[in-house]
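Colleague: Contents are CSV, C-alpha atoms and all ligand atoms; file name model_36.csv:
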```csv
chain,number,residue,atom,x,y,z
A,112,MET,CA,0.0,0.0,0.0
A,113,ASN,CA,1.2,3.5,-0.8
A,114,LYS,CA,2.1,5.1,2.5
A,115,LEU,CA,2.9,8.6,1.1
A,116,HIS,CA,0.0,11.0,1.4
A,117,ALA,CA,-0.6,14.7,0.7
A,118,ALA,CA,-2.4,15.3,4.0
A,119,GLU,CA,-4.4,18.5,4.2
A,120,ILE,CA,-4.4,20.4,7.5
A,121,VAL,CA,-8.0,20.7,8.7
A,122,TYR,CA,-7.3,21.9,12.2
A,123,HIS,CA,-4.2,23.4,13.8
A,124,ARG,CA,-4.2,25.3,17.1
A,125,PRO,CA,-2.4,25.5,20.4
A,126,ALA,CA,-3.8,23.0,22.8
A,127,GLY,CA,-2.2,24.2,26.1
A,128,LYS,CA,1.0,23.4,28.0
A,129,GLY,CA,3.0,24.3,24.9
A,130,TYR,CA,1.3,21.6,22.7
A,131,TYR,CA,-0.3,22.0,19.3
A,132,ARG,CA,-3.2,19.9,18.1
A,133,LEU,CA,-3.0,19.1,14.4
A,134,VAL,CA,-5.6,17.3,12.4
A,135,LEU,CA,-4.6,16.0,8.9
A,136,LYS,CA,-7.1,14.8,6.4
A,137,ALA,CA,-5.7,11.6,4.9
A,138,PRO,CA,-8.5,9.0,4.4
A,139,ASP,CA,-6.3,6.1,3.3
A,140,ALA,CA,-4.0,6.5,6.3
A,141,ALA,CA,-6.9,7.0,8.7
A,142,LYS,CA,-8.6,3.8,7.6
A,143,THR,CA,-5.6,1.6,8.5
A,144,THR,CA,-4.0,3.4,11.4
A,145,LEU,CA,-3.6,1.5,14.7
A,146,PRO,CA,-2.9,2.9,18.2
A,147,GLY,CA,0.9,3.0,18.7
A,148,GLN,CA,1.7,3.8,15.1
A,149,PHE,CA,3.2,7.1,13.9
A,150,VAL,CA,3.8,9.2,10.8
A,151,MET,CA,6.8,11.0,9.4
A,152,LEU,CA,5.7,14.5,8.5
A,153,ARG,CA,7.7,16.6,6.1
A,154,VAL,CA,7.2,20.2,7.0
A,155,SER,CA,9.1,21.6,4.0
A,156,GLU,CA,9.8,20.8,0.4
A,157,ASN,CA,13.5,21.0,1.4
A,158,LEU,CA,14.9,17.5,1.7
A,159,ASP,CA,16.7,18.2,4.9
A,160,PRO,CA,15.9,15.1,7.1
A,161,LEU,CA,15.7,17.3,10.2
A,162,LEU,CA,12.6,18.7,8.6
A,163,ALA,CA,10.8,15.4,8.6
A,164,ARG,CA,9.4,14.7,12.0
A,165,PRO,CA,8.2,11.4,13.5
A,166,LEU,CA,4.9,12.2,15.3
A,167,GLY,CA,2.7,9.8,17.2
A,168,ILE,CA,-1.0,9.5,16.2
A,169,SER,CA,-3.4,10.2,19.1
A,170,SER,CA,-6.7,9.5,17.3
A,171,VAL,CA,-8.6,9.0,14.1
A,172,ILE,CA,-11.4,11.5,13.5
A,173,ALA,CA,-14.5,10.7,11.4
A,174,LYS,CA,-12.6,7.8,9.7
A,175,THR,CA,-10.9,10.3,7.4
A,176,SER,CA,-8.3,12.3,9.5
A,177,VAL,CA,-5.5,11.6,11.9
A,178,GLU,CA,-5.0,13.7,15.0
A,179,ILE,CA,-1.5,14.6,16.3
A,180,TYR,CA,-0.3,16.5,19.4
A,181,TYR,CA,3.2,17.9,19.2
A,182,ARG,CA,5.4,20.3,21.1
A,183,VAL,CA,8.1,22.6,19.5
A,184,ALA,CA,11.3,20.6,19.8
A,185,GLY,CA,13.5,22.1,17.1
A,186,ARG,CA,13.5,23.6,13.6
A,187,GLY,CA,11.0,21.2,12.1
A,188,THR,CA,8.3,21.6,14.7
A,189,ARG,CA,8.9,25.3,14.8
A,190,LEU,CA,8.3,25.5,11.1
A,191,LEU,CA,5.2,23.3,11.5
A,192,THR,CA,3.6,25.7,14.0
A,193,ARG,CA,3.3,28.2,11.1
A,194,MET,CA,1.4,25.9,8.7
A,195,GLU,CA,-2.3,26.9,8.3
A,196,PRO,CA,-5.4,24.9,7.6
A,197,GLY,CA,-5.9,24.3,3.9
A,198,ARG,CA,-2.2,23.5,3.3
A,199,ALA,CA,-1.2,20.0,2.3
A,200,LEU,CA,1.9,18.3,3.9
A,201,LEU,CA,3.7,15.2,2.7
A,202,MET,CA,3.0,12.5,5.2
A,203,HIS,CA,4.6,9.1,5.3
A,204,GLY,CA,2.6,6.5,7.3
A,205,PRO,CA,1.1,5.0,9.3
A,206,LEU,CA,4.5,3.5,10.3
A,207,GLY,CA,5.5,0.9,12.9
A,208,ASN,CA,3.6,-2.0,14.4
A,209,GLY,CA,1.0,-0.6,16.9
A,210,PHE,CA,-0.6,-2.2,19.9
A,211,LEU,CA,-2.7,-5.3,20.1
A,212,LEU,CA,-6.0,-4.0,21.5
A,213,PRO,CA,-6.9,-5.2,25.0
A,214,ASP,CA,-9.4,-8.1,25.3
A,215,LYS,CA,-12.9,-7.2,26.2
A,216,GLY,CA,-13.7,-7.8,29.8
A,217,GLY,CA,-10.3,-7.0,31.3
A,218,ILE,CA,-9.3,-3.6,32.8
A,219,PRO,CA,-6.3,-2.4,30.8
A,220,ILE,CA,-3.7,-0.5,32.8
A,221,LEU,CA,-2.4,2.6,31.1
A,222,VAL,CA,0.8,4.3,32.3
A,223,ILE,CA,1.6,7.7,30.8
A,224,GLY,CA,4.8,9.7,31.5
A,225,GLY,CA,4.6,13.4,30.6
A,226,SER,CA,4.6,13.9,26.8
A,227,GLY,CA,4.2,10.1,26.1
A,228,PHE,CA,0.4,10.3,25.9
A,229,PRO,CA,-0.5,10.3,22.2
A,230,PRO,CA,-0.3,6.5,21.5
A,231,LEU,CA,-2.1,5.7,24.8
A,232,LEU,CA,-4.8,8.3,24.1
A,233,PHE,CA,-5.6,6.5,20.8
A,234,LEU,CA,-5.5,3.1,22.6
A,235,SER,CA,-7.8,4.5,25.3
A,236,GLU,CA,-10.3,5.5,22.7
A,237,ARG,CA,-10.2,2.2,20.8
A,238,ALA,CA,-10.3,-0.1,23.9
A,239,ARG,CA,-13.8,-1.4,24.5
A,240,SER,CA,-13.4,-1.5,28.3
A,241,ARG,CA,-12.9,1.1,31.0
A,242,GLN,CA,-9.3,1.6,32.1
A,243,ARG,CA,-7.1,2.2,35.1
A,244,VAL,CA,-5.0,5.2,34.1
A,245,PHE,CA,-1.8,6.4,35.8
A,246,ILE,CA,-0.3,9.8,34.6
A,247,GLY,CA,3.0,11.0,36.0
A,248,SER,CA,5.4,13.9,35.2
A,249,ARG,CA,8.0,16.1,36.7
A,250,ASN,CA,5.6,19.0,37.4
A,251,MET,CA,2.3,20.5,36.5
A,252,ALA,CA,3.8,22.2,33.4
A,253,SER,CA,5.0,18.9,31.9
A,254,MET,CA,1.7,17.2,32.4
A,255,PRO,CA,-0.4,16.5,29.2
A,256,PRO,CA,-2.8,19.3,28.2
A,257,ALA,CA,-6.0,19.5,30.3
A,258,GLY,CA,-8.1,18.5,27.3
A,259,VAL,CA,-6.1,15.3,26.9
A,260,VAL,CA,-6.4,14.5,30.7
A,261,LYS,CA,-10.2,14.9,30.4
A,262,ARG,CA,-10.3,12.5,27.5
A,263,PHE,CA,-8.4,9.9,29.5
A,264,ARG,CA,-10.8,10.5,32.5
A,265,GLU,CA,-13.8,9.8,30.3
A,266,LYS,CA,-12.6,6.3,29.7
A,267,ALA,CA,-11.1,5.6,33.1
A,268,GLU,CA,-12.7,3.6,35.9
A,269,LYS,CA,-10.1,5.4,38.1
A,270,MET,CA,-7.2,7.8,37.4
A,271,HIS,CA,-4.0,8.3,39.4
A,272,ILE,CA,-2.0,11.5,38.9
A,273,ALA,CA,1.4,12.2,40.4
A,274,THR,CA,4.1,14.8,39.9
A,275,GLU,CA,7.6,14.7,41.3
A,276,ASP,CA,7.3,18.2,42.8
A,277,GLY,CA,3.7,17.6,44.0
A,278,SER,CA,2.3,20.5,42.0
A,279,GLN,CA,-0.5,18.3,40.6
A,280,GLY,CA,-1.8,15.1,42.1
A,281,LYS,CA,0.3,13.1,44.6
A,282,ARG,CA,3.9,14.0,45.2
A,283,GLY,CA,6.4,11.5,43.8
A,284,LEU,CA,6.7,8.9,41.0
A,285,VAL,CA,3.6,7.5,39.5
A,286,THR,CA,5.2,4.1,39.5
A,287,VAL,CA,4.9,4.0,43.3
A,288,ASP,CA,1.1,4.2,43.0
A,289,LEU,CA,1.2,1.6,40.1
A,290,GLU,CA,3.2,-0.8,42.3
A,291,ALA,CA,0.7,-0.5,45.2
A,292,TYR,CA,-2.2,-1.0,42.8
A,293,ILE,CA,-0.7,-4.1,41.2
A,294,GLY,CA,0.2,-5.5,44.6
A,295,ASN,CA,-3.5,-5.6,45.6
A,296,LEU,CA,-4.8,-6.6,42.2
A,297,LYS,CA,-6.4,-10.0,41.5
A,298,LYS,CA,-4.6,-10.7,38.2
A,299,ASP,CA,-5.8,-12.7,35.3
A,300,ALA,CA,-4.7,-13.3,31.8
A,301,LYS,CA,-6.6,-10.2,30.7
A,302,THR,CA,-4.5,-7.9,33.0
A,303,VAL,CA,-2.2,-6.0,30.6
A,304,ILE,CA,-0.1,-2.9,31.2
A,305,TYR,CA,0.5,-0.4,28.3
A,306,ALA,CA,3.1,2.3,29.0
A,307,CYS,CA,4.7,5.2,27.1
A,308,GLY,CA,7.0,7.8,28.5
A,309,PRO,CA,10.7,8.4,29.4
A,310,ARG,CA,12.9,5.4,29.5
A,311,PRO,CA,13.6,5.3,33.3
A,312,MET,CA,9.8,5.2,33.8
A,313,LEU,CA,9.4,2.4,31.2
A,314,ALA,CA,12.2,0.4,32.9
A,315,ALA,CA,10.5,0.8,36.3
A,316,VAL,CA,7.1,-0.2,34.9
A,317,SER,CA,8.6,-3.2,33.1
A,318,LYS,CA,10.2,-4.4,36.4
A,319,ILE,CA,6.8,-4.0,38.2
A,320,ALA,CA,5.1,-6.0,35.5
A,321,ALA,CA,7.8,-8.7,35.4
A,322,ASP,CA,7.8,-9.1,39.2
A,323,SER,CA,4.0,-9.8,39.1
A,324,SER,CA,4.1,-11.8,35.8
A,325,ILE,CA,1.9,-9.3,34.0
A,326,THR,CA,2.2,-8.7,30.3
A,327,CYS,CA,3.4,-5.2,29.6
A,328,TYR,CA,3.7,-3.4,26.2
A,329,VAL,CA,5.8,-0.3,26.0
A,330,THR,CA,6.1,2.3,23.2
A,331,MET,CA,9.8,3.3,22.8
A,332,GLU,CA,10.5,6.9,22.0
A,333,GLU,CA,14.0,6.9,20.4
A,334,ARG,CA,15.2,9.6,18.1
A,335,MET,CA,14.5,8.9,14.5
A,336,ALA,CA,16.1,10.0,11.3
A,337,CYS,CA,14.6,8.0,8.4
A,338,GLY,CA,11.6,6.5,10.0
A,339,PHE,CA,11.5,3.4,7.8
A,340,GLY,CA,14.3,1.1,8.9
A,341,ALA,CA,17.2,2.3,6.8
A,342,CYS,CA,19.6,4.3,9.1
A,343,MET,CA,19.6,2.1,12.3
A,344,GLY,CA,19.6,5.4,14.3
A,345,CYS,CA,16.6,4.3,16.4
A,346,SER,CA,17.9,0.9,17.5
A,347,VAL,CA,17.5,-0.4,21.0
A,348,ALA,CA,19.3,-3.4,22.6
A,349,VAL,CA,17.2,-6.5,23.1
A,350,LYS,CA,17.7,-9.3,25.7
A,351,ALA,CA,17.9,-11.9,23.0
A,352,GLY,CA,21.1,-10.2,21.7
A,353,GLY,CA,21.6,-7.5,19.1
A,354,TYR,CA,19.3,-4.6,18.4
A,355,LYS,CA,15.8,-3.9,17.1
A,356,ARG,CA,14.7,-0.8,15.2
A,357,VAL,CA,12.1,1.2,17.0
A,358,CYS,CA,10.6,2.6,13.7
A,359,LYS,CA,10.4,-0.8,12.0
A,360,GLU,CA,10.1,-3.6,14.6
A,361,GLY,CA,8.5,-1.2,17.1
A,362,PRO,CA,7.7,1.3,18.4
A,363,VAL,CA,5.6,-1.1,20.5
A,364,PHE,CA,7.5,-3.9,22.2
A,365,ASP,CA,6.8,-6.5,24.8
A,366,SER,CA,8.7,-5.0,27.8
A,367,ARG,CA,10.4,-8.4,28.4
A,368,GLU,CA,12.2,-8.1,25.1
A,369,ILE,CA,14.1,-4.9,25.9
A,370,GLU,CA,17.5,-4.8,27.5
A,371,TRP,CA,16.8,-2.1,30.1
A,401,LIG,FE1,16.2,5.0,10.7
A,401,LIG,FE2,14.7,3.8,12.5
A,401,LIG,S1,14.9,5.9,12.2
A,401,LIG,S2,16.1,2.9,11.1
```
Rewrite the structure of this file - the entire thing - as structure tokens.
Modeller:
Amino acid sequence: MNKLHAAEIVYHRPAGKGYYRLVLKAPDAAKTTLPGQFVMLRVSENLDPLLARPLGISSVIAKTSVEIYYRVAGRGTRLLTRMEPGRALLMHGPLGNGFLLPDKGGIPILVIGGSGFPPLLFLSERARSRQRVFIGSRNMASMPPAGVVKRFREKAEKMHIATEDGSQGKRGLVTVDLEAYIGNLKKDAKTVIYACGPRPMLAAVSKIAADSSITCYVTMEERMACGFGACMGCSVAVKAGGYKRVCKEGPVFDSREIEW
């Protein structure tokens, strides 16, 4: 299938906490996109690779458009903020493997670290059951935008928020709450953890899951250059030996695979 699309911007505005919400009309991509997948967006006709950005997909809207949240993190995203609705951008994707959706009847456990929310927001919307949601960040300013937290809350049977400085929710690491919850949980085969965020948080979540024999899927956020498996720049070490490419074999991995 052709994965290159001229994606028309249909919505593009600041979303709070320094994020922008971008909606791109690309019906062929929207039809096949899975939670966990991403796109490479070229924000200029210039072939400078720094101007093609890997961006996680946070939802599919009206079966025709993909939704993206991003923050300015360099030249490419700075240029992107200036692009107005009506303009078409060259979009490559959806790329990567995506999550297996949780089984109906279980309560999926979502663990979000700061800016790692887009793939889990999409998963939360596609999952057919209510979820236990843990959101952690350094401080209130690095929490996801309020509109995003509200969307998680709508699908959550309970939500746990923690910031390291205590400026929102509990003070400390969200993994402390996660560990306490898992300790009291009656686990079954449908208990699955899905996590996305900074690597130290993913390593901690992975250990908690392994200690309780719970399946855990993580979305790795390595830096990417090409986005389609050619440069090896996004490789992560795996326990079986060698490396796997986040853009091609990931970005979703069973946490037991990764050499933390
Ligand atoms: Fe080039 Fe993954 S970004 S191989």
Colleague: Hey, which residues sit close to ligand LIG 401 (chain A)? Say within 6 Å, counting all atoms listed in the file, and write them as a list in words.
Modeller: Met335, Ala336, Cys337, Gly338, Phe339, Gly340, Ala341, Cys342, Met343, Gly344, Cys345, Arg356, Val357 and Cys358 of chain A
Colleague: Name the closest residue to Met270 of chain A among the candidates A:Gln242, A:Asn295, A:Ser176, A:Asn250; distances are taken between atoms, counting only C-alpha atoms.
Modeller: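 Of A:Gln242, A:Asn295, A:Ser176, A:Asn250, the one nearest Met270 of chain A, counting only C-alpha atoms, is A:Gln242.
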Colleague: Using only C-alpha atoms - which residues lie no farther than 7 Å from the point (-8.1, 25.6, 10.3) in the file's frame? Write them as number ranges by chain.
Modeller: A: 120-123, 195-197
Colleague: Using atom CA of Leu234 of chain A and atom CA of Ala199 of chain A as the two end points, give the distance in Å to one decimal.
Modeller: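 That distance, rounded to one decimal, is 26.8 Å.
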Colleague: Nearest to Lys298 of chain A: which of A:Ile218, A:Met251, A:Ile223, A:Ala314 is it, counting only C-alpha atoms?
Modeller: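 For Lys298 of chain A, the nearest of the given residues is A:Ile218.
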Colleague: Hey, can you check how far atom CA of Phe245 of chain A sits from atom CA of Ile272 of chain A?
Modeller: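 We find that atom CA of Phe245 of chain A and atom CA of Ile272 of chain A lie 6.0 Å from each other.
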